[in-house]
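Containing mmCIF, C-alpha atoms: input-v3.cif.
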data_upload
#
loop_
_atom_site.label_atom_id
_atom_site.label_comp_id
_atom_site.auth_asym_id
_atom_site.auth_seq_id
_atom_site.Cartn_x
_atom_site.Cartn_y
_atom_site.Cartn_z
CA MET A 1 18.86 30.18 -4.40
CA ASP A 2 17.70 32.85 -1.97
CA CYS A 3 14.08 32.66 -0.91
CA ILE A 4 11.98 35.16 -2.82
CA VAL A 5 8.69 34.55 -1.06
CA LYS A 6 7.76 35.19 2.54
CA LYS A 7 5.81 33.12 5.03
CA ASN A 8 2.16 34.19 5.48
CA GLU A 9 2.30 36.36 2.33
CA GLU A 10 -0.14 35.84 -0.57
CA TYR A 11 0.76 35.54 -4.26
CA ILE A 12 -1.01 34.83 -7.55
CA VAL A 13 0.61 31.94 -9.43
CA ASP A 14 0.08 29.57 -12.37
CA ILE A 15 0.21 25.85 -11.54
CA ILE A 16 2.53 24.23 -14.07
CA ASP A 17 2.90 20.64 -12.86
CA TYR A 18 2.18 18.08 -10.14
CA GLY A 19 4.44 17.04 -7.27
CA ALA A 20 5.04 13.48 -6.09
CA ASP A 21 2.04 13.59 -3.73
CA GLY A 22 -0.35 15.15 -6.24
CA GLU A 23 0.08 18.71 -5.04
CA GLY A 24 0.36 21.54 -7.57
CA ILE A 25 3.72 23.08 -8.48
CA ALA A 26 4.21 26.77 -9.20
CA LYS A 27 7.36 28.81 -9.83
CA ILE A 28 8.27 32.39 -9.01
CA ASN A 29 11.53 33.36 -10.74
CA GLY A 30 12.58 29.70 -10.72
CA TYR A 31 11.78 29.17 -7.03
CA THR A 32 9.55 26.12 -6.49
CA ILE A 33 6.25 26.35 -4.61
CA PHE A 34 4.27 23.22 -3.70
CA VAL A 35 0.61 24.21 -3.51
CA ILE A 36 -1.66 21.85 -1.60
CA GLY A 37 -4.98 21.31 -3.35
CA ALA A 38 -4.05 23.02 -6.64
CA LEU A 39 -4.33 21.39 -10.07
CA LYS A 40 -2.06 21.70 -13.08
CA GLY A 41 -3.35 24.45 -15.41
CA GLU A 42 -4.98 26.53 -12.67
CA LYS A 43 -4.32 30.13 -11.70
CA CYS A 44 -4.58 30.57 -7.93
CA LYS A 45 -4.10 33.01 -5.14
CA ILE A 46 -1.99 31.18 -2.57
CA HIS A 47 -0.93 31.64 1.05
CA ILE A 48 2.66 30.66 1.95
CA LEU A 49 2.77 28.20 4.87
CA LYS A 50 6.43 27.20 5.16
CA VAL A 51 9.57 28.54 3.49
CA LEU A 52 12.80 26.57 2.92
CA SER A 53 15.93 27.50 0.99
CA SER A 54 15.09 25.47 -2.13
CA HIS A 55 11.27 25.43 -2.04
CA CYS A 56 8.21 26.32 -0.01
CA PHE A 57 4.70 25.04 0.75
CA ALA A 58 1.45 26.93 0.26
CA LYS A 59 -2.31 26.47 0.32
CA VAL A 60 -4.98 27.76 -2.05
CA VAL A 61 -6.81 30.91 -0.95
CA GLU A 62 -8.76 31.47 -4.17
CA ILE A 63 -9.03 29.65 -7.49
CA ILE A 64 -8.94 32.35 -10.16
CA LYS A 65 -9.02 29.93 -13.10
CA ALA A 66 -10.13 26.35 -12.39
CA SER A 67 -8.91 23.21 -14.15
CA LYS A 68 -11.46 21.23 -16.16
CA TYR A 69 -10.41 18.23 -14.04
CA ARG A 70 -11.42 19.80 -10.73
CA VAL A 71 -14.47 18.12 -9.19
CA GLU A 72 -16.53 18.58 -6.05
CA TYR A 73 -15.11 16.16 -3.51
CA ASP A 74 -17.57 13.79 -1.87
CA CYS A 75 -16.04 13.44 1.60
CA LYS A 76 -16.80 15.67 4.59
CA THR A 77 -13.35 15.22 6.13
CA PHE A 78 -11.32 15.50 2.90
CA ASN A 79 -9.56 18.76 3.84
CA LYS A 80 -8.48 17.42 7.24
CA CYS A 81 -7.81 13.71 6.85
CA GLY A 82 -4.55 12.17 5.66
CA GLY A 83 -6.17 9.34 3.70
CA CYS A 84 -7.21 10.50 0.21
CA THR A 85 -5.38 13.53 -1.15
CA LEU A 86 -6.80 13.53 -4.69
CA ARG A 87 -10.59 13.48 -4.20
CA HIS A 88 -10.86 16.95 -5.74
CA ILE A 89 -9.55 15.63 -9.07
CA ASP A 90 -11.44 13.67 -11.75
CA TYR A 91 -10.55 10.00 -11.26
CA ASN A 92 -9.23 9.45 -14.80
CA GLU A 93 -6.96 12.44 -14.36
CA THR A 94 -5.57 10.92 -11.13
CA LEU A 95 -4.55 7.90 -13.20
CA GLU A 96 -2.63 10.14 -15.59
CA ILE A 97 -1.03 12.00 -12.65
CA LYS A 98 0.27 8.68 -11.34
CA ARG A 99 1.55 7.62 -14.76
CA GLN A 100 3.34 10.94 -15.14
CA LYS A 101 4.81 10.63 -11.64
CA VAL A 102 6.45 7.36 -12.68
CA GLN A 103 7.43 8.76 -16.10
CA ASN A 104 9.17 11.74 -14.49
CA LEU A 105 11.28 9.39 -12.37
CA VAL A 106 12.16 7.27 -15.41
CA ASN A 107 13.23 10.39 -17.32
CA LYS A 108 15.29 11.64 -14.40
CA MET A 109 16.97 8.45 -13.20
CA LEU A 110 17.24 5.82 -15.95
CA GLU A 111 19.36 5.59 -19.07
CA ASN A 112 16.54 3.78 -20.86
CA LYS A 113 13.85 6.48 -21.08
CA ILE A 114 11.07 3.97 -21.59
CA GLN A 115 7.49 5.18 -22.11
CA VAL A 116 5.44 4.26 -19.03
CA ASP A 117 2.16 2.48 -19.80
CA LYS A 118 -1.21 3.94 -18.91
CA THR A 119 -2.22 3.39 -15.30
CA ILE A 120 -4.64 0.50 -14.86
CA GLY A 121 -7.57 1.98 -12.97
CA MET A 122 -10.54 0.66 -11.01
CA GLU A 123 -14.07 0.55 -12.41
CA GLN A 124 -15.70 1.72 -9.15
CA PRO A 125 -12.99 3.32 -6.96
CA LEU A 126 -15.06 3.41 -3.76
CA TYR A 127 -15.02 1.44 -0.48
CA TYR A 128 -12.16 -0.70 -1.76
CA ARG A 129 -9.94 -1.28 1.30
CA ASN A 130 -10.15 -4.77 2.75
CA LYS A 131 -8.21 -3.71 5.84
CA ALA A 132 -9.20 -0.75 7.99
CA ILE A 133 -7.37 0.50 11.09
CA TYR A 134 -9.34 2.99 13.16
CA PRO A 135 -7.71 4.97 15.96
CA ILE A 136 -10.01 5.97 18.82
CA SER A 137 -10.04 9.53 20.14
CA GLN A 138 -10.26 10.60 23.76
CA GLU A 139 -13.71 11.94 22.87
CA ARG A 140 -14.65 8.30 22.16
CA GLU A 141 -14.99 8.73 18.40
CA VAL A 142 -13.87 6.39 15.63
CA GLY A 143 -11.46 8.33 13.48
CA ILE A 144 -8.52 8.58 11.16
CA PHE A 145 -5.29 10.50 11.62
CA ALA A 146 -5.06 13.99 10.19
CA GLN A 147 -2.47 14.50 7.50
CA ARG A 148 1.11 14.42 8.86
CA SER A 149 -0.05 14.27 12.49
CA HIS A 150 -1.49 12.04 15.18
CA ASN A 151 -4.54 14.22 15.68
CA ILE A 152 -7.61 12.04 15.25
CA ILE A 153 -10.30 13.29 12.88
CA PRO A 154 -13.76 11.75 13.44
CA ILE A 155 -14.91 9.76 10.41
CA ARG A 156 -18.05 10.85 8.60
CA GLU A 157 -18.42 7.97 6.13
CA CYS A 158 -15.02 7.32 4.63
CA LYS A 159 -15.20 6.68 0.88
CA ILE A 160 -12.34 4.18 0.69
CA GLN A 161 -12.95 2.08 3.82
CA THR A 162 -15.95 -0.21 3.57
CA LYS A 163 -19.25 0.75 5.17
CA THR A 164 -19.23 -2.57 7.00
CA SER A 165 -15.88 -1.90 8.68
CA GLN A 166 -17.03 1.55 9.75
CA ASN A 167 -20.27 0.15 11.17
CA ILE A 168 -18.41 -2.54 13.12
CA ALA A 169 -15.95 -0.04 14.60
CA GLU A 170 -18.81 2.28 15.62
CA PHE A 171 -20.69 -0.62 17.21
CA ILE A 172 -17.67 -1.72 19.26
CA LEU A 173 -17.10 1.81 20.52
CA GLU A 174 -20.76 2.43 21.34
CA ASN A 175 -20.72 -0.67 23.53
CA TRP A 176 -17.24 -0.12 25.01
CA ASP A 177 -17.48 0.38 28.77
CA ASP A 178 -13.75 0.60 29.51
CA THR A 179 -11.06 3.28 29.09
CA ILE A 180 -9.55 4.68 25.88
CA TYR A 181 -5.78 4.69 25.40
CA ASP A 182 -4.07 8.08 25.60
CA GLU A 183 -0.73 8.05 23.77
CA ARG A 184 0.40 11.13 25.72
CA THR A 185 0.19 9.33 29.07
CA GLY A 186 0.39 5.70 27.97
CA LYS A 187 -2.71 4.91 30.04
CA GLY A 188 -6.07 3.50 28.97
CA LEU A 189 -7.08 0.24 27.30
CA LEU A 190 -8.54 0.56 23.78
CA ARG A 191 -5.97 1.74 21.20
CA ASN A 192 -7.26 0.81 17.73
CA ILE A 193 -9.86 -1.31 15.99
CA MET A 194 -8.70 -3.22 12.92
CA ILE A 195 -11.13 -4.88 10.53
CA ARG A 196 -9.99 -7.32 7.81
CA GLU A 197 -12.48 -8.48 5.19
CA GLY A 198 -12.40 -11.23 2.61
CA PHE A 199 -14.11 -9.58 -0.35
CA GLY A 200 -14.36 -12.90 -2.17
CA THR A 201 -15.80 -14.80 0.81
CA ASN A 202 -17.57 -12.12 2.92
CA GLU A 203 -15.61 -13.32 5.96
CA ILE A 204 -14.62 -10.69 8.52
CA MET A 205 -11.92 -10.57 11.20
CA CYS A 206 -12.16 -8.05 14.03
CA VAL A 207 -8.91 -7.21 15.86
CA ILE A 208 -9.17 -5.07 18.98
CA VAL A 209 -5.79 -3.51 19.80
CA GLN A 210 -5.43 -3.04 23.54
CA ASN A 211 -2.91 -1.71 26.02
CA GLY A 212 -3.30 -4.94 28.00
CA ASP A 213 -4.84 -8.39 27.73
CA LYS A 214 -8.25 -7.77 29.28
CA LYS A 215 -10.89 -10.01 27.72
CA TYR A 216 -13.60 -8.54 25.50
CA ASP A 217 -17.24 -9.65 25.57
CA TYR A 218 -17.86 -10.29 21.88
CA GLU A 219 -21.31 -11.91 22.00
CA LYS A 220 -23.27 -8.77 21.03
CA LEU A 221 -20.79 -8.04 18.24
CA ILE A 222 -21.06 -11.38 16.43
CA LYS A 223 -24.82 -11.39 16.88
CA GLU A 224 -25.05 -7.98 15.22
CA PHE A 225 -22.53 -8.89 12.46
CA PRO A 226 -22.81 -12.64 11.72
CA ASN A 227 -20.12 -12.49 9.00
CA ILE A 228 -17.51 -11.93 11.71
CA LYS A 229 -15.59 -15.22 11.85
CA ASN A 230 -12.87 -14.13 14.26
CA VAL A 231 -12.46 -11.77 17.21
CA VAL A 232 -8.87 -11.25 18.27
CA ILE A 233 -7.22 -9.16 20.99
CA ASN A 234 -3.86 -7.76 19.91
CA VAL A 235 -1.88 -6.80 23.00
CA ASN A 236 0.30 -3.74 22.35
CA THR A 237 1.68 -2.15 25.52
CA LYS A 238 4.57 -0.29 23.87
CA ASN A 239 4.77 3.46 23.35
CA THR A 240 4.98 3.16 19.57
CA ASN A 241 3.34 4.23 16.31
CA VAL A 242 3.32 0.58 15.21
CA VAL A 243 -0.31 -0.55 15.40
CA LEU A 244 0.02 -4.29 15.94
CA SER A 245 2.33 -6.25 18.21
CA ASP A 246 3.08 -9.91 17.57
CA LYS A 247 0.93 -11.02 20.54
CA ASN A 248 -2.58 -12.07 19.52
CA ILE A 249 -5.21 -13.66 21.76
CA VAL A 250 -7.95 -15.36 19.75
CA LEU A 251 -11.30 -15.01 21.53
CA TYR A 252 -13.58 -16.33 18.80
CA GLY A 253 -12.87 -18.41 15.68
CA ASP A 254 -9.51 -19.84 14.63
CA GLY A 255 -7.66 -16.54 14.18
CA THR A 256 -7.81 -16.48 10.37
CA ILE A 257 -10.19 -15.62 7.56
CA ASN A 258 -10.21 -16.75 3.93
CA ASP A 259 -10.35 -14.67 0.79
CA THR A 260 -10.37 -15.61 -2.87
CA ILE A 261 -8.46 -13.94 -5.69
CA GLY A 262 -9.13 -15.42 -9.08
CA GLU A 263 -9.28 -19.20 -8.74
CA TYR A 264 -7.28 -19.32 -5.50
CA THR A 265 -8.17 -19.19 -1.81
CA PHE A 266 -5.91 -17.48 0.72
CA LYS A 267 -5.82 -17.72 4.50
CA ILE A 268 -5.12 -14.41 6.26
CA SER A 269 -3.91 -13.87 9.85
CA PRO A 270 -4.03 -10.60 11.81
CA ASN A 271 -0.39 -9.69 11.05
CA SER A 272 -0.19 -11.07 7.50
CA PHE A 273 0.70 -8.78 4.61
CA TYR A 274 -2.11 -8.89 2.06
CA GLN A 275 -2.83 -6.34 -0.68
CA ILE A 276 -5.63 -4.00 0.43
CA ASN A 277 -7.50 -3.64 -2.88
CA HIS A 278 -9.04 -6.98 -3.83
CA ASP A 279 -10.12 -6.15 -7.40
CA GLN A 280 -6.95 -4.32 -8.38
CA THR A 281 -4.73 -6.98 -6.82
CA GLU A 282 -6.21 -9.59 -9.14
CA LYS A 283 -5.36 -7.32 -12.09
CA LEU A 284 -1.87 -6.73 -10.68
CA TYR A 285 -1.08 -10.43 -10.26
CA ASN A 286 -2.55 -11.42 -13.61
CA LEU A 287 -0.47 -8.70 -15.27
CA ALA A 288 2.71 -9.89 -13.52
CA ILE A 289 2.07 -13.51 -14.55
CA GLU A 290 1.28 -12.50 -18.15
CA LYS A 291 4.43 -10.36 -18.41
CA ALA A 292 6.59 -13.18 -17.02
CA ASN A 293 5.66 -15.41 -20.01
CA LEU A 294 5.99 -18.55 -17.90
CA SER A 295 6.49 -22.11 -19.13
CA LYS A 296 6.72 -25.60 -17.66
CA HIS A 297 10.52 -25.64 -17.58
CA ASP A 298 10.76 -22.50 -15.43
CA ILE A 299 12.11 -22.43 -11.89
CA VAL A 300 10.71 -19.35 -10.15
CA CYS A 301 11.62 -17.47 -6.98
CA ASP A 302 9.02 -15.26 -5.30
CA LEU A 303 10.95 -12.88 -3.03
CA TYR A 304 9.07 -11.11 -0.21
CA CYS A 305 6.30 -13.63 -0.86
CA GLY A 306 4.05 -12.76 2.11
CA ILE A 307 1.32 -15.40 2.34
CA GLY A 308 2.35 -16.85 -1.03
CA THR A 309 -0.02 -15.05 -3.37
CA ILE A 310 2.18 -14.39 -6.41
CA GLY A 311 3.98 -17.73 -6.20
CA ILE A 312 0.67 -19.57 -6.00
CA PHE A 313 -0.62 -17.65 -9.04
CA ALA A 314 2.55 -18.67 -10.92
CA SER A 315 2.65 -22.30 -9.77
CA LYS A 316 0.37 -23.88 -12.38
CA PHE A 317 2.50 -22.55 -15.25
CA VAL A 318 5.97 -23.61 -14.03
CA LYS A 319 8.09 -26.53 -12.82
CA LYS A 320 8.91 -25.22 -9.32
CA VAL A 321 8.40 -22.13 -7.14
CA TYR A 322 10.41 -21.03 -4.09
CA GLY A 323 8.94 -18.32 -1.86
CA ILE A 324 10.95 -16.37 0.72
CA GLU A 325 9.54 -14.17 3.47
CA ILE A 326 10.93 -12.99 6.83
CA VAL A 327 7.63 -13.11 8.76
CA LYS A 328 7.12 -16.64 10.13
CA GLU A 329 3.35 -16.24 10.52
CA ALA A 330 3.09 -15.26 6.85
CA ILE A 331 5.07 -18.35 5.80
CA ASP A 332 2.82 -20.51 8.00
CA ASP A 333 -0.16 -19.06 6.13
CA ALA A 334 1.61 -19.54 2.79
CA LYS A 335 2.14 -23.25 3.49
CA GLN A 336 -1.52 -23.58 4.43
CA ASN A 337 -2.51 -21.72 1.26
CA ALA A 338 -0.53 -24.16 -0.87
CA LYS A 339 -2.38 -27.05 0.79
CA ILE A 340 -5.78 -25.37 0.44
CA ASN A 341 -5.17 -24.88 -3.29
CA ASN A 342 -3.68 -28.38 -3.82
CA ILE A 343 -0.33 -27.03 -4.98
CA ASP A 344 2.65 -29.35 -4.54
CA ASN A 345 5.35 -27.66 -6.63
CA ILE A 346 5.95 -24.74 -4.26
CA GLU A 347 8.30 -24.47 -1.28
CA PHE A 348 8.27 -21.64 1.27
CA ILE A 349 11.30 -20.51 3.27
CA VAL A 350 11.36 -18.32 6.39
CA GLY A 351 14.15 -15.79 6.38
CA ASP A 352 15.47 -12.37 5.47
CA VAL A 353 15.56 -12.25 1.66
CA GLU A 354 19.10 -10.84 1.72
CA LYS A 355 20.43 -13.99 3.41
CA ALA A 356 17.86 -16.66 2.51
CA PHE A 357 17.96 -15.97 -1.24
CA ASN A 358 21.75 -15.94 -1.10
CA ASP A 359 21.74 -19.31 0.72
CA LEU A 360 19.24 -20.76 -1.76
CA ILE A 361 21.36 -20.06 -4.83
CA LYS A 362 24.52 -21.23 -3.02
CA ASN A 363 22.72 -24.57 -2.67
CA GLU A 364 22.62 -24.83 -6.47
CA ILE A 365 19.00 -23.68 -6.86
CA LYS A 366 19.15 -21.62 -10.04
CA PRO A 367 15.89 -19.83 -10.88
CA ASN A 368 15.50 -18.46 -14.37
CA ILE A 369 12.61 -16.15 -13.44
CA VAL A 370 12.26 -14.08 -10.25
CA PHE A 371 9.39 -12.02 -8.90
CA VAL A 372 10.26 -9.39 -6.30
CA ASP A 373 7.66 -7.47 -4.30
CA PRO A 374 9.70 -5.68 -1.62
CA PRO A 375 8.55 -3.21 1.05
CA ARG A 376 8.81 0.53 0.38
CA LYS A 377 12.55 0.61 1.08
CA GLY A 378 13.18 -1.57 -1.98
CA LEU A 379 15.92 -4.17 -2.52
CA ASP A 380 19.15 -4.58 -0.57
CA GLU A 381 22.55 -4.59 -2.29
CA THR A 382 23.18 -8.32 -1.76
CA THR A 383 19.90 -9.26 -3.46
CA ILE A 384 20.54 -6.87 -6.36
CA ASN A 385 24.03 -8.36 -6.83
CA ASN A 386 22.60 -11.89 -6.78
CA LEU A 387 19.92 -10.97 -9.32
CA CYS A 388 22.64 -9.64 -11.63
CA LYS A 389 24.87 -12.71 -11.16
CA LEU A 390 22.00 -15.11 -11.94
CA LYS A 391 21.46 -13.55 -15.39
CA LEU A 392 17.75 -14.34 -15.31
CA GLU A 393 15.62 -14.71 -18.41
CA ARG A 394 13.07 -12.37 -16.84
CA LEU A 395 12.80 -10.34 -13.66
CA ILE A 396 9.40 -9.00 -12.58
CA TYR A 397 9.66 -6.17 -10.05
CA ILE A 398 6.40 -5.26 -8.30
CA SER A 399 6.81 -2.00 -6.41
CA CYS A 400 4.75 0.14 -4.05
CA ASN A 401 7.33 2.96 -4.15
CA PRO A 402 8.37 4.35 -7.57
CA ALA A 403 11.38 6.19 -6.10
CA THR A 404 13.07 3.06 -4.71
CA LEU A 405 11.99 1.14 -7.81
CA MET A 406 13.95 3.57 -10.01
CA ARG A 407 16.94 3.47 -7.67
CA ASP A 408 17.04 -0.33 -7.95
CA LEU A 409 16.42 -0.33 -11.72
CA GLN A 410 19.46 1.95 -12.08
CA LYS A 411 21.59 -0.76 -10.46
CA LEU A 412 20.11 -3.47 -12.67
CA GLU A 413 20.47 -1.60 -15.97
CA ASN A 414 23.93 -2.97 -16.84
CA THR A 415 22.60 -6.54 -16.75
CA TYR A 416 18.95 -6.20 -17.74
CA THR A 417 16.89 -4.32 -20.29
CA LEU A 418 13.78 -2.65 -18.91
CA LYS A 419 10.96 -3.78 -21.21
CA SER A 420 7.94 -2.12 -19.62
CA ILE A 421 6.55 -0.36 -16.56
CA THR A 422 2.82 -0.49 -15.88
CA PRO A 423 1.31 1.49 -12.99
CA VAL A 424 -1.68 -0.10 -11.23
CA ASP A 425 -4.02 2.00 -9.11
CA ASN A 426 -4.33 -0.07 -5.93
CA PHE A 427 -4.73 3.04 -3.76
CA CYS A 428 -7.41 5.05 -5.53
CA TYR A 429 -7.58 8.80 -4.81
CA THR A 430 -4.28 8.71 -2.90
CA SER A 431 -0.85 9.64 -4.24
CA HIS A 432 0.40 6.04 -3.94
CA VAL A 433 0.82 3.81 -6.97
CA GLU A 434 1.90 0.21 -7.56
CA CYS A 435 4.05 -0.63 -10.57
CA VAL A 436 4.89 -3.80 -12.46
CA ALA A 437 8.32 -3.49 -14.10
CA VAL A 438 9.48 -6.17 -16.54
CA LEU A 439 13.18 -6.78 -17.19
CA SER A 440 14.93 -9.25 -19.51
CA LEU A 441 18.56 -10.27 -19.82
CA LYS A 442 20.59 -7.99 -22.11
CA TYR A 443 22.74 -10.77 -23.60
#
As C-alpha cells:
Amino acid sequence: MDCIVKKNEEYIVDIIDYGADGEGIAKINGYTIFVIGALKGEKCKIHILKVLSSHCFAKVVEIIKASKYRVEYDCKTFNKCGGCTLRHIDYNETLEIKRQKVQNLVNKMLENKIQVDKTIGMEQPLYYRNKAIYPISQEREVGIFAQRSHNIIPIRECKIQTKTSQNIAEFILENWDDTIYDERTGKGLLRNIMIREGFGTNEIMCVIVQNGDKKYDYEKLIKEFPNIKNVVINVNTKNTNVVLSDKNIVLYGDGTINDTIGEYTFKISPNSFYQINHDQTEKLYNLAIEKANLSKHDIVCDLYCGIGTIGIFASKFVKKVYGIEIVKEAIDDAKQNAKINNIDNIEFIVGDVEKAFNDLIKNEIKPNIVFVDPPRKGLDETTINNLCKLKLERLIYISCNPATLMRDLQKLENTYTLKSITPVDNFCYTSHVECVAVLSLKY
C-alpha cells in the first residue's frame, strides 16, 4: 500500500485499538498509524514522526475527545523515560489492554481460539521492583534510559523502583569521588548501580558496576543503610550494553541475600534470575501449581529453573522434581535453596535445556508434568519435539513474551489441547505481561 500520510504533517484521527506496546492505533484509508500516548476511543490531532510503507508512527498534538480511562500521570519523567509507558491510563484498563493483547495473538495464531482469562492485577501497583539498575550520567546524576535510546534521564522519584533503592543510589553517587564511565570513550570507572532487595526479609544487596576492579569504601553506605547485607563490585570492562559481567568481587557480606515467597526462602546472587515483582510472583507461582493439579505420583521437570523457585514450590506435592538451568551460579543457588527449605526430592542440573533435557529423558527419566519458563526467545525446536514425544499429562508454560508463547503453542497444538491462558501483571504500567498457559494431552 502506498503511503498516504506525510512526515511532519498533522491529521485528525479516531483511535480504534491498541498496539502491542499500548500505543493507540488509527487508520486513514486502511493505512495503519501507531499513535504514542493515545487511548482507544479518543479523537486526536496527531503529528507524523516516521513513515514506512505499511505503517507510520505519530505523537498526540491535541486530544479533541478524551477517553474515560485517561488519567493524570503521576511521574515527572513519564514522557521521556522508557520504563512505564501506560501511566496515563487507568490501572484496571491497563489490565484489560494486556488481556486483549494476548487475546489478539490467540485469535491470529492458534487454531483453538480460547478465551483468555482476565489479567491478574496488583492491589497497589507502586514501587514494586525488587531489582533496580541505575545508569549514571556524565552530569553525575542517577537516571534511567530514555525510551529506545541510551540517553540518560535523571530520575525524579520513579514510581516502580523502590524509594529505598533510589535513596541508596543517590547516596553512593553523592559520595563518589572517582570518575564516571563514558560509553562513547570507554573511559571512567562507575558504570551502573544495581540494588536487589528481599521484600520478604528486608535484606538489600548493593552491586556497583565498574570499568575496573578498584575497591570501594563502603563504610558510610552500610552505616547509612543498615539493611544492606552485601556490597559487591561487578567488574565490566567490555564495550557492551550488557550491564553485569560474570566477575564479582564481594567487599562486604557473603555475596547473597535471602527473600521469602510464600513459605519458602530463596538465596539470590548478583547474577541470578529472580522475578522482579515479589507479590505478583507469589500469585504467578501459586496459579501455576494450582493449574498443574499435582499429585504424589508425579515426576516433574522444571525447565529454565533459575534458582529453583517453581520446582521448590511444586516439590511438596510430587514424587520427584528435576530442574535444568544453563547458568551455573543459579544452579548453585538452587541447590542451596533446596537445603534451606529442607527439600530432598529435587535434583538440579546445569546445562542448556535443549541438550540437558534431551539427555535426561534419554536416561529413562520420564516426567509426566513439565513446567517451562523460558527467556523471551521462547523454546527451541529440540525441546518442543521432546515435549511432544513425551505425551505429558500436563504442560505448564510460563511466558514473559506472548508472541513467542503463541509461536510455540502453534507447534504444540497437534499433541496438546490448550486449556487456559491467564495473564499476570508482573510489570505494572508497562506493556509487558506474563502468562500462564495450561496444556493437556489430546489423547
Considering all atoms listed in the file, can you say which of A:Asn107, A:Lys411, A:Gly306, A:Cys428 comes closest to Ile160 (chain A)?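 Smallest distance to Ile160 (chain A) is found for A:Cys428.
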Where does region 141-219 of chain A meet region 275-284 of chain A within 9 Å, residue by residue, with the nearest atom pair and distance in Å to one decimal for each, counting only C-alpha atoms, listed by chain and rising number, as a tab-separated table?
residue	atom	partner	partner_atom	distance
A:Gly198	CA	A:His278	CA	8.4
A:Phe199	CA	A:His278	CA	6.7
A:Gly200	CA	A:His278	CA	8.1
Can you turn the PyMOL selection byres ((chain A and resi 373) around 9) into a concrete residue list for this file, as a PyMOL selection string? chain A and resi 302-305+371-372+374-375+378+396-400
Can you tell me, as a VMD selection string, what residues are no more than 12 Å from Ala20 (chain A) when counting all atoms listed in the file, ignoring any on the same chain fewer than 6 positions away? chain A and resid 34 to 36 85 to 86 97 to 105 401 to 403 430 to 433
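Straight-line separation from CA of Phe357 (chain A) to CA of Ile324 (chain A): 7.3 Å.
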Using only C-alpha atoms: which of A:Leu95, A:Cys84, A:Ile310, A:Met109 has the shortest distance to Lys159 (chain A):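 With only C-alpha atoms as the atom set, the closest residue is A:Cys84.
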Which residue is closest to Asn227 (chain A)? Choose from A:Leu49, A:Ile168, A:Met122, A:Leu390 and count all atoms listed in the file. A:Ile168
Excluding Leu395 (chain A) and its own-chain neighbours fewer than 2 positions away, which residues fall within 12 Å of it when counting all atoms listed in the file? Please give them as a count of residues only. 42
So which residues get picked by the PyMOL selection byres ((chain A and resi 215) around 12) here, written as a compact mmCIF listing (two decimals) with C-alpha atoms, in the coordinates of the input?
# COMPACT_ATOMS: atom_id res chain seq x y z
CA ASP A 178 -13.75 0.60 29.51
CA LEU A 189 -7.08 0.24 27.30
CA LEU A 190 -8.54 0.56 23.78
CA ILE A 208 -9.17 -5.07 18.98
CA VAL A 209 -5.79 -3.51 19.80
CA GLN A 210 -5.43 -3.04 23.54
CA ASN A 211 -2.91 -1.71 26.02
CA GLY A 212 -3.30 -4.94 28.00
CA ASP A 213 -4.84 -8.39 27.73
CA LYS A 214 -8.25 -7.77 29.28
CA TYR A 216 -13.60 -8.54 25.50
CA ASP A 217 -17.24 -9.65 25.57
CA TYR A 218 -17.86 -10.29 21.88
CA VAL A 231 -12.46 -11.77 17.21
CA VAL A 232 -8.87 -11.25 18.27
CA ILE A 233 -7.22 -9.16 20.99
CA ASN A 234 -3.86 -7.76 19.91
CA VAL A 235 -1.88 -6.80 23.00
CA ASN A 248 -2.58 -12.07 19.52
CA ILE A 249 -5.21 -13.66 21.76
CA VAL A 250 -7.95 -15.36 19.75
CA LEU A 251 -11.30 -15.01 21.53
CA TYR A 252 -13.58 -16.33 18.80
Let me know the residues the PyMOL selection byres ((chain A and resi 69) around 12) catches in the file above, as a PDB file with C-alpha atoms, in the frame of the given file.
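Generated output (part.pdb):
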ATOM      1  CA  ALA A  38      -4.050  23.020  -6.640  1.00  0.00           C
ATOM      2  CA  LEU A  39      -4.330  21.390 -10.070  1.00  0.00           C
ATOM      3  CA  LYS A  40      -2.060  21.700 -13.080  1.00  0.00           C
ATOM      4  CA  GLY A  41      -3.350  24.450 -15.410  1.00  0.00           C
ATOM      5  CA  GLU A  42      -4.980  26.530 -12.670  1.00  0.00           C
ATOM      6  CA  LYS A  65      -9.020  29.930 -13.100  1.00  0.00           C
ATOM      7  CA  ALA A  66     -10.130  26.350 -12.390  1.00  0.00           C
ATOM      8  CA  SER A  67      -8.910  23.210 -14.150  1.00  0.00           C
ATOM      9  CA  LYS A  68     -11.460  21.230 -16.160  1.00  0.00           C
ATOM     10  CA  ARG A  70     -11.420  19.800 -10.730  1.00  0.00           C
ATOM     11  CA  VAL A  71     -14.470  18.120  -9.190  1.00  0.00           C
ATOM     12  CA  GLU A  72     -16.530  18.580  -6.050  1.00  0.00           C
ATOM     13  CA  TYR A  73     -15.110  16.160  -3.510  1.00  0.00           C
ATOM     14  CA  LEU A  86      -6.800  13.530  -4.690  1.00  0.00           C
ATOM     15  CA  ARG A  87     -10.590  13.480  -4.200  1.00  0.00           C
ATOM     16  CA  HIS A  88     -10.860  16.950  -5.740  1.00  0.00           C
ATOM     17  CA  ILE A  89      -9.550  15.630  -9.070  1.00  0.00           C
ATOM     18  CA  ASP A  90     -11.440  13.670 -11.750  1.00  0.00           C
ATOM     19  CA  TYR A  91     -10.550  10.000 -11.260  1.00  0.00           C
ATOM     20  CA  ASN A  92      -9.230   9.450 -14.800  1.00  0.00           C
ATOM     21  CA  GLU A  93      -6.960  12.440 -14.360  1.00  0.00           C
ATOM     22  CA  THR A  94      -5.570  10.920 -11.130  1.00  0.00           C
ATOM     23  CA  LEU A  95      -4.550   7.900 -13.200  1.00  0.00           C
ATOM     24  CA  GLU A  96      -2.630  10.140 -15.590  1.00  0.00           C
ATOM     25  CA  ILE A  97      -1.030  12.000 -12.650  1.00  0.00           C
TER      26      ILE A  97
END
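The space separating CA of Phe57 (chain A) from CA of Asn29 (chain A) comes to 15.7 Å.
Near region 154-156 of chain A, within a cut-off of 10 Å and counting all atoms listed in the file, sit the residues Cys75, Lys76, Thr77, Phe78, Lys80, Cys81, Tyr134, Pro135, Ile136, Ser137, Glu139, Arg140, Glu141, Val142, Gly143, Ile144, Phe145, Ala146, Gln166 and Glu170 of chain A, with same-chain residues fewer than 6 positions away left out.
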